[in-house]
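One file, query-v1.txt, carrying compact mmCIF, C-alpha atoms:
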```txt
# COMPACT_ATOMS: atom_id res chain seq x y z
CA MET A 1 136.57 2.26 38.87
CA GLN A 2 132.80 2.40 38.75
CA THR A 3 130.79 4.69 40.98
CA ASN A 4 127.21 4.77 42.21
CA ASN A 5 125.09 6.78 44.61
CA GLN A 6 125.51 4.37 47.52
CA HIS A 7 127.90 4.65 50.43
CA VAL A 8 130.72 2.15 50.01
CA LYS A 9 132.64 1.56 53.22
CA ALA A 10 135.91 -0.15 54.04
CA ALA A 11 138.01 -1.12 57.02
CA LEU A 12 141.78 -1.30 57.41
CA LEU A 13 143.46 -3.98 59.50
CA ILE A 14 147.09 -3.25 60.37
CA ILE A 15 148.94 -6.42 61.36
CA GLY A 16 152.20 -6.43 63.28
CA ASP A 17 153.82 -6.40 66.71
CA GLU A 18 156.23 -3.72 65.47
CA ILE A 19 153.39 -1.21 65.13
CA LEU A 20 151.99 -1.93 68.58
CA SER A 21 155.42 -1.73 70.21
CA GLY A 22 156.20 1.62 68.62
CA ARG A 23 159.30 0.34 66.83
CA THR A 24 157.64 1.12 63.50
CA GLN A 25 155.37 4.06 62.80
CA ASP A 26 152.25 3.44 60.78
CA LYS A 27 152.54 5.52 57.61
CA ASN A 28 149.83 3.77 55.62
CA THR A 29 146.54 4.79 57.22
CA SER A 30 146.48 8.39 56.02
CA TYR A 31 147.51 7.39 52.50
CA ILE A 32 144.91 4.63 52.27
CA ALA A 33 142.14 6.84 53.69
CA THR A 34 142.86 9.59 51.15
CA TRP A 35 143.22 7.16 48.24
CA LEU A 36 139.98 5.37 49.06
CA ASN A 37 138.02 8.59 49.51
CA GLU A 38 139.12 9.75 46.06
CA ALA A 39 137.84 6.40 44.77
CA GLY A 40 134.46 6.93 46.42
CA ILE A 41 135.11 4.53 49.31
CA GLN A 42 134.93 5.67 52.91
CA LEU A 43 137.47 4.26 55.36
CA SER A 44 135.21 3.71 58.35
CA GLU A 45 137.32 1.70 60.79
CA VAL A 46 141.00 0.99 61.48
CA ARG A 47 142.32 -1.72 63.78
CA ILE A 48 145.81 -2.83 64.79
CA VAL A 49 146.39 -6.43 65.84
CA PRO A 50 149.52 -8.33 66.90
CA ASP A 51 151.13 -11.23 65.04
CA ILE A 52 148.81 -13.73 66.71
CA GLU A 53 146.74 -15.92 64.42
CA ASP A 54 143.59 -16.01 66.56
CA GLU A 55 143.59 -12.21 66.86
CA ILE A 56 143.98 -11.77 63.11
CA VAL A 57 141.29 -14.34 62.30
CA HIS A 58 138.79 -12.77 64.70
CA ALA A 59 139.37 -9.27 63.32
CA VAL A 60 139.26 -10.38 59.67
CA ASN A 61 135.99 -12.27 60.05
CA ARG A 62 134.28 -9.44 61.88
CA LEU A 63 135.46 -6.66 59.57
CA ARG A 64 134.90 -8.45 56.27
CA ALA A 65 131.32 -9.13 57.32
CA LYS A 66 130.71 -5.56 58.45
CA TYR A 67 132.13 -3.60 55.50
CA ASP A 68 132.12 -3.73 51.72
CA TYR A 69 135.90 -4.06 51.63
CA LEU A 70 138.65 -4.98 54.07
CA PHE A 71 142.25 -4.01 53.39
CA THR A 72 145.11 -5.43 55.45
CA THR A 73 148.76 -4.40 55.68
CA GLY A 74 151.69 -6.34 57.08
CA GLY A 75 152.70 -9.89 57.79
CA ILE A 76 153.36 -11.25 54.28
CA GLY A 77 157.17 -11.11 54.34
CA PRO A 78 159.78 -13.88 54.59
CA THR A 79 160.27 -14.16 58.37
CA HIS A 80 158.80 -16.58 60.90
CA ASP A 81 156.44 -13.97 62.35
CA ASP A 82 154.86 -13.19 58.97
CA ILE A 83 151.73 -15.27 59.51
CA THR A 84 149.07 -13.28 57.65
CA ALA A 85 148.68 -15.87 54.87
CA GLU A 86 148.09 -18.68 57.39
CA ALA A 87 145.68 -16.49 59.35
CA MET A 88 143.71 -15.68 56.19
CA GLY A 89 143.53 -19.37 55.38
CA ALA A 90 142.14 -20.02 58.86
CA ALA A 91 139.65 -17.16 58.57
CA PHE A 92 138.27 -18.50 55.28
CA GLU A 93 138.80 -22.16 56.22
CA LEU A 94 141.08 -22.66 53.23
CA PRO A 95 144.40 -24.52 52.93
CA VAL A 96 147.47 -22.39 52.26
CA HIS A 97 149.87 -23.34 49.48
CA ASN A 98 152.72 -21.93 47.44
CA HIS A 99 150.85 -20.15 44.68
CA PRO A 100 152.28 -21.44 41.36
CA GLU A 101 152.36 -18.06 39.63
CA ALA A 102 153.82 -16.29 42.66
CA TYR A 103 156.43 -19.05 42.98
CA ALA A 104 157.38 -18.74 39.32
CA ARG A 105 157.71 -14.96 39.53
CA LEU A 106 159.94 -15.02 42.60
CA LEU A 107 162.05 -17.88 41.26
CA ALA A 108 162.71 -15.90 38.08
CA TYR A 109 163.44 -12.76 40.10
CA TYR A 110 165.89 -14.27 42.60
CA GLY A 111 167.27 -17.19 40.61
CA GLU A 112 167.31 -20.77 41.89
CA GLU A 113 170.47 -20.33 43.95
CA ASN A 114 169.10 -17.36 45.87
CA PHE A 115 165.49 -18.53 46.15
CA THR A 116 165.77 -19.51 49.79
CA ASP A 117 163.11 -21.13 51.97
CA ALA A 118 162.50 -17.75 53.57
CA ARG A 119 161.82 -16.14 50.19
CA GLN A 120 159.61 -19.02 49.19
CA ARG A 121 157.42 -18.16 52.19
CA MET A 122 156.38 -15.02 50.31
CA THR A 123 154.53 -17.17 47.76
CA ARG A 124 152.06 -18.54 50.34
CA VAL A 125 148.44 -17.81 49.44
CA PRO A 126 145.21 -19.45 50.61
CA GLU A 127 143.81 -21.75 47.94
CA GLY A 128 141.70 -19.81 45.46
CA GLY A 129 143.29 -16.46 46.33
CA GLU A 130 143.99 -14.04 43.48
CA LEU A 131 147.35 -12.29 43.30
CA ILE A 132 147.81 -8.54 43.75
CA GLU A 133 150.77 -7.46 41.65
CA ASN A 134 153.81 -5.89 43.27
CA PRO A 135 155.84 -3.92 40.71
CA VAL A 136 158.31 -2.74 43.38
CA SER A 137 159.71 -5.96 44.85
CA ILE A 138 157.82 -8.71 42.98
CA ALA A 139 156.40 -10.60 46.01
CA PRO A 140 152.64 -10.26 45.55
CA GLY A 141 149.75 -9.61 47.85
CA PHE A 142 146.49 -11.44 47.37
CA LYS A 143 142.72 -11.08 47.35
CA ILE A 144 140.04 -13.38 48.76
CA GLU A 145 136.43 -12.31 48.27
CA ASN A 146 136.25 -8.73 49.64
CA VAL A 147 139.58 -8.89 51.51
CA PHE A 148 142.76 -7.39 50.03
CA VAL A 149 146.03 -8.43 51.67
CA MET A 150 148.92 -6.05 51.09
CA ALA A 151 152.47 -5.43 52.26
CA GLY A 152 153.23 -3.15 55.19
CA VAL A 153 156.15 -1.33 53.53
CA PRO A 154 154.58 1.97 52.39
CA LYS A 155 156.05 2.12 48.87
CA VAL A 156 155.10 -1.49 48.18
CA MET A 157 151.63 -1.06 49.68
CA GLN A 158 151.01 2.03 47.55
CA ALA A 159 152.03 0.19 44.38
CA MET A 160 149.74 -2.73 45.25
CA LEU A 161 146.85 -0.39 46.02
CA GLU A 162 147.22 1.27 42.63
CA LYS A 163 146.91 -2.13 40.96
CA LEU A 164 143.46 -2.46 42.58
CA ARG A 165 142.07 0.80 41.23
CA HIS A 166 140.03 -0.77 38.44
CA HIS A 167 138.82 -3.68 40.56
CA LEU A 168 137.00 -1.68 43.22
CA LYS A 169 133.47 -0.35 43.01
CA GLY A 170 133.20 3.10 44.56
CA GLY A 171 130.20 5.03 45.80
CA ARG A 172 129.65 8.69 46.52
CA LYS A 173 132.81 10.63 47.25
CA VAL A 174 132.95 12.56 50.52
CA HIS A 175 133.95 16.20 49.95
CA SER A 176 135.28 18.56 52.58
CA LYS A 177 135.84 22.26 53.26
CA THR A 178 138.02 23.74 55.98
CA VAL A 179 137.76 27.00 57.91
CA THR A 180 140.47 27.94 60.40
CA ILE A 181 138.97 30.06 63.18
CA HIS A 182 141.24 32.01 65.52
CA ALA A 183 139.04 31.69 68.59
CA PRO A 184 138.84 29.20 71.47
CA GLU A 185 137.00 25.99 70.60
CA SER A 186 134.73 26.44 73.62
CA VAL A 187 133.51 29.75 72.20
CA ILE A 188 132.58 28.37 68.79
CA ALA A 189 131.15 25.01 69.93
CA ASP A 190 127.48 26.06 70.04
CA THR A 191 127.69 27.61 66.58
CA LEU A 192 129.11 24.40 65.13
CA GLY A 193 126.40 22.29 66.73
CA ASN A 194 123.67 24.57 65.41
CA ILE A 195 125.04 24.49 61.86
CA GLU A 196 125.38 20.71 61.86
CA ALA A 197 121.80 20.38 63.11
CA SER A 198 120.40 22.79 60.52
CA VAL A 199 122.02 21.39 57.36
CA GLU A 200 121.08 17.85 56.46
CA GLY A 201 123.77 15.43 55.34
CA ILE A 202 126.87 17.11 56.79
CA SER A 203 129.28 16.37 59.61
CA ILE A 204 131.55 18.89 61.28
CA GLY A 205 134.84 18.12 62.99
CA SER A 206 136.71 20.58 65.19
CA TYR A 207 140.48 20.27 65.63
CA PRO A 208 141.92 22.76 68.14
CA PHE A 209 145.45 24.14 67.98
CA TYR A 210 147.79 26.36 69.96
CA HIS A 211 150.42 28.17 67.92
CA GLU A 212 152.69 31.09 68.83
CA GLY A 213 150.52 32.04 71.76
CA LYS A 214 147.28 31.94 69.78
CA VAL A 215 144.45 29.47 70.16
CA GLY A 216 142.03 28.39 67.49
CA ALA A 217 140.53 25.43 65.70
CA GLN A 218 140.40 23.99 62.22
CA ILE A 219 136.78 23.30 61.36
CA VAL A 220 136.35 20.59 58.71
CA THR A 221 132.91 20.11 57.20
CA ARG A 222 132.28 16.90 55.24
CA SER A 223 129.44 15.77 53.01
CA VAL A 224 128.70 13.78 49.87
CA ASP A 225 126.38 16.65 48.85
CA GLN A 226 128.28 19.61 47.42
CA ASP A 227 125.31 21.96 47.85
CA ALA A 228 124.91 21.03 51.51
CA LEU A 229 128.64 21.50 52.00
CA THR A 230 128.53 24.98 50.46
CA GLN A 231 125.50 25.91 52.56
CA ALA A 232 127.23 24.87 55.78
CA GLN A 233 130.42 26.68 54.78
CA ASN A 234 128.48 29.88 54.10
CA LEU A 235 126.74 29.66 57.47
CA LEU A 236 130.06 29.17 59.23
CA VAL A 237 131.69 32.13 57.47
CA ALA A 238 128.66 34.30 58.27
CA ALA A 239 128.89 33.28 61.93
CA CYS A 240 132.58 34.21 62.00
CA GLU A 241 131.88 37.63 60.55
CA ALA A 242 128.92 38.27 62.87
CA SER A 243 130.98 37.29 65.93
CA GLU A 244 134.10 39.08 64.62
CA TRP A 245 136.18 35.93 64.78
CA GLU A 246 139.30 36.03 62.64
CA TYR A 247 139.18 33.20 60.11
CA ASP A 248 140.79 31.72 56.99
CA THR A 249 139.19 29.42 54.42
CA GLU A 250 140.79 26.65 52.36
```

What does the file become when written as structure tokens?
Amino acid sequence: MQTNNQHVKAALLIIGDEILSGRTQDKNTSYIATWLNEAGIQLSEVRIVPDIEDEIVHAVNRLRAKYDYLFTTGGIGPTHDDITAEAMGAAFELPVHNHPEAYARLLAYYGEENFTDARQRMTRVPEGGELIENPVSIAPGFKIENVFVMAGVPKVMQAMLEKLRHHLKGGRKVHSKTVTIHAPESVIADTLGNIEASVEGISIGSYPFYHEGKVGAQIVTRSVDQDALTQAQNLLVAACEASEWEYDTE
């Protein structure tokens, strides 16, 4: 992983009717966002699309043009509705074939007798695509230009993502500090706005909560500049003490 002083941004495209229907909960977004941030890449947009080729193609072409990297999850399994490979071929205007190396790996893994047509579907890759290794269940993902196509199963996706670590170019890491303030969000809103306006290069998010009869908000300050982050944190703590708001820092 190489880093530089530029902002490197990525998008995540989640593919699958099962996510949109609620039958399956998305467990990948939080993991990917955290992993990318640690690598100096900011996850800037997340979309969910159904298993419809035109929808996938439209989203892929827009997001890959807008961001440095596009990561996708889902739709590369053995069933009839796993159409991500075909959709990627359509997006890049490339034919889709059984990738020779992927085919050889799965044939060796399952054996000829158990290497069914359905399992052979997991070797489909647009022509010119590079394989992403899958140490968990063998069937690979693939990469085309700045698009990384991964499995939707969390453990498999995580293993694939780790294989990409040394192939991604990161930028400046976004750091964060959190203050939990035990006061209504409406009371602290002006203070947050003033701090954000007075310290260059920071953003402040407020996340209210209600717990055991008490109201409050978690205030998360983010910045690529550690000094700016510390300055904002100090201003927020000083405001809490001046206003006699109960607070905790993390």

How would you write as a ChimeraX atom specification the residues that get within 8 Å of (161.2, -11.1, 50.5) in the file's frame, counting all atoms listed in the file? /A:77-78,118-119,122,137,139

Compile the contact shell of Thr29 of chain A as a ChimeraX atom specification: residues with an atom at most 9 Å away, counting only C-alpha atoms, same-chain residues fewer than 3 positions apart removed. /A:12,14,26,32-34,46

Residues within 9 Å of (131.9, 3.4, 47.6), file coords, all atoms listed in the file, listed as JSON, numbers by chain: {"A": [2, 3, 4, 5, 6, 7, 8, 9, 10, 36, 37, 39, 40, 41, 42, 68, 168, 169, 170, 171, 172, 173]}

At a cut-off of 12 Å, using only C-alpha atoms, what residues contact Ile52 of chain A? Leave out same-chain residues fewer than 6 positions from it and give the result as a list in words.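 These residues fall inside the cut-off: Ile15, Gly16, Asp17, His58, Ala59, Gly75, His80, Asp81, Asp82, Ile83, Thr84, Glu86, Ala87 and Met88 of chain A.
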
At what distance in Å, to one decimal, does atom CA of Gln233 of chain A lie from atom CA of Thr191 of chain A? 12.1 Å

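Across the model, the gap from atom CA of Ser203 of chain A to atom CA of Gly216 of chain A is 19.2 Å.
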
Which of A:Phe142, A:Tyr69, A:Phe115, A:Tyr247 sits closest to Thr180 of chain A [using all atoms listed in the file]: A:Tyr247

Name the closest residue to His182 of chain A among the candidates A:Leu229, A:Leu20, A:Ala108, A:Cys240; distances are taken between atoms, counting only C-alpha atoms.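 Looking only at the distances to His182 of chain A, the closest residue turns out to be A:Cys240.
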
With distances taken over only C-alpha atoms, which of A:Glu185, A:Trp35, A:Glu101, A:Gln226 is nearest to Arg165 of chain A?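 The closest residue to Arg165 of chain A is A:Trp35.
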
Name the closest residue to Gly128 of chain A among the candidates A:Val147, A:Met157, A:Ile219, A:Leu94; distances are taken between atoms, counting only C-alpha atoms.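 Answer, going by the shortest atom-to-atom distance: A:Leu94.
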
What does the structure give for the distance between atom CA of Asn234 of chain A and atom CA of Ile204 of chain A, in Å to one decimal? 13.5 Å

Excluding Gly193 of chain A and residues on its chain fewer than 6 positions from it, collect all residues at most 12 Å away from it, counting only C-alpha atoms, and give them as a PDB file with C-alpha atoms, in the frame of the given file.
```pdb
ATOM      1  CA  GLU A 185     137.000  25.990  70.600  1.00  0.00           C
ATOM      2  CA  SER A 186     134.730  26.440  73.620  1.00  0.00           C
ATOM      3  CA  VAL A 187     133.510  29.750  72.200  1.00  0.00           C
ATOM      4  CA  VAL A 199     122.020  21.390  57.360  1.00  0.00           C
ATOM      5  CA  ILE A 202     126.870  17.110  56.790  1.00  0.00           C
ATOM      6  CA  SER A 203     129.280  16.370  59.610  1.00  0.00           C
ATOM      7  CA  ILE A 204     131.550  18.890  61.280  1.00  0.00           C
ATOM      8  CA  GLY A 205     134.840  18.120  62.990  1.00  0.00           C
ATOM      9  CA  SER A 206     136.710  20.580  65.190  1.00  0.00           C
ATOM     10  CA  ILE A 219     136.780  23.300  61.360  1.00  0.00           C
ATOM     11  CA  THR A 221     132.910  20.110  57.200  1.00  0.00           C
ATOM     12  CA  ALA A 232     127.230  24.870  55.780  1.00  0.00           C
ATOM     13  CA  LEU A 235     126.740  29.660  57.470  1.00  0.00           C
ATOM     14  CA  LEU A 236     130.060  29.170  59.230  1.00  0.00           C
TER      15      LEU A 236
END
```

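The nearest approach to Pro184 of chain A among the residues A:Leu70, A:Ala217, A:Ala104, A:Val237, with all atoms listed in the file taken into account, belongs to A:Ala217.
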
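In terms of minimum interatomic distance to Leu106 of chain A, A:Asn134 ranks closest within A:Thr249, A:Phe92, A:Asn134, A:Gly22, counting all atoms listed in the file.
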
Centre and size of axis-aligned box enclosing segment 132-141 of chain A plus 3 Å each side, as AutoDock Vina command-line options:
```
--center_x 153.8 --center_y -6.7 --center_z 44.3 --size_x 17.9 --size_y 13.9 --size_z 13.1
```

Could you pull segment 128-156 of chain A out of the structure just shown and give N, CA and C atoms as a PDB file, in the first residue's frame?
```pdb
ATOM      1  N   GLY A 128      -9.987 -10.318 -20.163  1.00  0.00           N
ATOM      2  CA  GLY A 128      -8.991  -9.360 -19.701  1.00  0.00           C
ATOM      3  C   GLY A 128      -9.045  -9.093 -18.214  1.00  0.00           C
ATOM      4  N   GLY A 129     -10.075  -9.606 -17.532  1.00  0.00           N
ATOM      5  CA  GLY A 129     -10.192  -9.406 -16.089  1.00  0.00           C
ATOM      6  C   GLY A 129      -9.114 -10.164 -15.333  1.00  0.00           C
ATOM      7  N   GLU A 130      -8.652  -9.591 -14.234  1.00  0.00           N
ATOM      8  CA  GLU A 130      -7.640 -10.214 -13.390  1.00  0.00           C
ATOM      9  C   GLU A 130      -8.312 -10.816 -12.165  1.00  0.00           C
ATOM     10  N   LEU A 131      -7.902 -11.992 -11.767  1.00  0.00           N
ATOM     11  CA  LEU A 131      -8.539 -12.688 -10.652  1.00  0.00           C
ATOM     12  C   LEU A 131      -8.184 -12.063  -9.311  1.00  0.00           C
ATOM     13  N   ILE A 132      -9.165 -12.080  -8.397  1.00  0.00           N
ATOM     14  CA  ILE A 132      -8.945 -11.743  -6.990  1.00  0.00           C
ATOM     15  C   ILE A 132      -9.030 -13.055  -6.223  1.00  0.00           C
ATOM     16  N   GLU A 133      -7.978 -13.423  -5.556  1.00  0.00           N
ATOM     17  CA  GLU A 133      -7.930 -14.728  -4.891  1.00  0.00           C
ATOM     18  C   GLU A 133      -8.955 -14.839  -3.773  1.00  0.00           C
ATOM     19  N   ASN A 134      -9.456 -16.050  -3.596  1.00  0.00           N
ATOM     20  CA  ASN A 134     -10.419 -16.368  -2.548  1.00  0.00           C
ATOM     21  C   ASN A 134      -9.883 -17.561  -1.753  1.00  0.00           C
ATOM     22  N   PRO A 135      -9.180 -17.301  -0.654  1.00  0.00           N
ATOM     23  CA  PRO A 135      -8.611 -18.398   0.128  1.00  0.00           C
ATOM     24  C   PRO A 135      -9.639 -19.154   0.967  1.00  0.00           C
ATOM     25  N   VAL A 136     -10.877 -18.670   1.010  1.00  0.00           N
ATOM     26  CA  VAL A 136     -11.904 -19.303   1.842  1.00  0.00           C
ATOM     27  C   VAL A 136     -12.617 -20.417   1.081  1.00  0.00           C
ATOM     28  N   SER A 137     -13.137 -20.088  -0.112  1.00  0.00           N
ATOM     29  CA  SER A 137     -13.924 -21.077  -0.853  1.00  0.00           C
ATOM     30  C   SER A 137     -13.510 -21.181  -2.325  1.00  0.00           C
ATOM     31  N   ILE A 138     -12.317 -20.743  -2.636  1.00  0.00           N
ATOM     32  CA  ILE A 138     -11.650 -20.917  -3.930  1.00  0.00           C
ATOM     33  C   ILE A 138     -12.210 -20.025  -5.044  1.00  0.00           C
ATOM     34  N   ALA A 139     -13.532 -19.998  -5.248  1.00  0.00           N
ATOM     35  CA  ALA A 139     -14.097 -19.238  -6.371  1.00  0.00           C
ATOM     36  C   ALA A 139     -13.670 -17.780  -6.292  1.00  0.00           C
ATOM     37  N   PRO A 140     -12.968 -17.285  -7.308  1.00  0.00           N
ATOM     38  CA  PRO A 140     -12.362 -15.955  -7.207  1.00  0.00           C
ATOM     39  C   PRO A 140     -13.317 -14.824  -7.545  1.00  0.00           C
ATOM     40  N   GLY A 141     -12.919 -13.617  -7.129  1.00  0.00           N
ATOM     41  CA  GLY A 141     -13.507 -12.411  -7.662  1.00  0.00           C
ATOM     42  C   GLY A 141     -12.650 -11.972  -8.829  1.00  0.00           C
ATOM     43  N   PHE A 142     -12.865 -10.746  -9.301  1.00  0.00           N
ATOM     44  CA  PHE A 142     -12.024 -10.274 -10.400  1.00  0.00           C
ATOM     45  C   PHE A 142     -11.960  -8.758 -10.423  1.00  0.00           C
ATOM     46  N   LYS A 143     -10.959  -8.270 -11.127  1.00  0.00           N
ATOM     47  CA  LYS A 143     -10.700  -6.833 -11.248  1.00  0.00           C
ATOM     48  C   LYS A 143     -10.669  -6.450 -12.714  1.00  0.00           C
ATOM     49  N   ILE A 144     -11.327  -5.331 -13.046  1.00  0.00           N
ATOM     50  CA  ILE A 144     -11.214  -4.727 -14.366  1.00  0.00           C
ATOM     51  C   ILE A 144     -10.981  -3.236 -14.163  1.00  0.00           C
ATOM     52  N   GLU A 145      -9.854  -2.749 -14.643  1.00  0.00           N
ATOM     53  CA  GLU A 145      -9.471  -1.354 -14.465  1.00  0.00           C
ATOM     54  C   GLU A 145      -9.572  -0.974 -12.984  1.00  0.00           C
ATOM     55  N   ASN A 146     -10.430  -0.018 -12.619  1.00  0.00           N
ATOM     56  CA  ASN A 146     -10.523   0.415 -11.221  1.00  0.00           C
ATOM     57  C   ASN A 146     -11.712  -0.201 -10.492  1.00  0.00           C
ATOM     58  N   VAL A 147     -12.253  -1.287 -11.031  1.00  0.00           N
ATOM     59  CA  VAL A 147     -13.425  -1.951 -10.448  1.00  0.00           C
ATOM     60  C   VAL A 147     -13.016  -3.304  -9.881  1.00  0.00           C
ATOM     61  N   PHE A 148     -13.396  -3.548  -8.620  1.00  0.00           N
ATOM     62  CA  PHE A 148     -13.049  -4.783  -7.925  1.00  0.00           C
ATOM     63  C   PHE A 148     -14.340  -5.511  -7.565  1.00  0.00           C
ATOM     64  N   VAL A 149     -14.526  -6.687  -8.121  1.00  0.00           N
ATOM     65  CA  VAL A 149     -15.763  -7.449  -7.984  1.00  0.00           C
ATOM     66  C   VAL A 149     -15.540  -8.572  -6.971  1.00  0.00           C
ATOM     67  N   MET A 150     -16.300  -8.498  -5.874  1.00  0.00           N
ATOM     68  CA  MET A 150     -16.086  -9.438  -4.772  1.00  0.00           C
ATOM     69  C   MET A 150     -17.380 -10.156  -4.396  1.00  0.00           C
ATOM     70  N   ALA A 151     -17.225 -11.215  -3.625  1.00  0.00           N
ATOM     71  CA  ALA A 151     -18.375 -11.986  -3.146  1.00  0.00           C
ATOM     72  C   ALA A 151     -19.176 -11.188  -2.121  1.00  0.00           C
ATOM     73  N   GLY A 152     -20.427 -11.594  -1.937  1.00  0.00           N
ATOM     74  CA  GLY A 152     -21.269 -10.938  -0.947  1.00  0.00           C
ATOM     75  C   GLY A 152     -21.191 -11.558   0.436  1.00  0.00           C
ATOM     76  N   VAL A 153     -20.769 -12.825   0.517  1.00  0.00           N
ATOM     77  CA  VAL A 153     -20.630 -13.504   1.816  1.00  0.00           C
ATOM     78  C   VAL A 153     -19.529 -12.804   2.607  1.00  0.00           C
ATOM     79  N   PRO A 154     -19.825 -12.292   3.800  1.00  0.00           N
ATOM     80  CA  PRO A 154     -18.859 -11.451   4.517  1.00  0.00           C
ATOM     81  C   PRO A 154     -17.466 -12.051   4.679  1.00  0.00           C
ATOM     82  N   LYS A 155     -17.370 -13.310   5.126  1.00  0.00           N
ATOM     83  CA  LYS A 155     -16.049 -13.894   5.360  1.00  0.00           C
ATOM     84  C   LYS A 155     -15.251 -14.008   4.070  1.00  0.00           C
ATOM     85  N   VAL A 156     -15.938 -14.323   2.984  1.00  0.00           N
ATOM     86  CA  VAL A 156     -15.258 -14.437   1.691  1.00  0.00           C
ATOM     87  C   VAL A 156     -14.851 -13.055   1.198  1.00  0.00           C
TER      88      VAL A 156
END
```
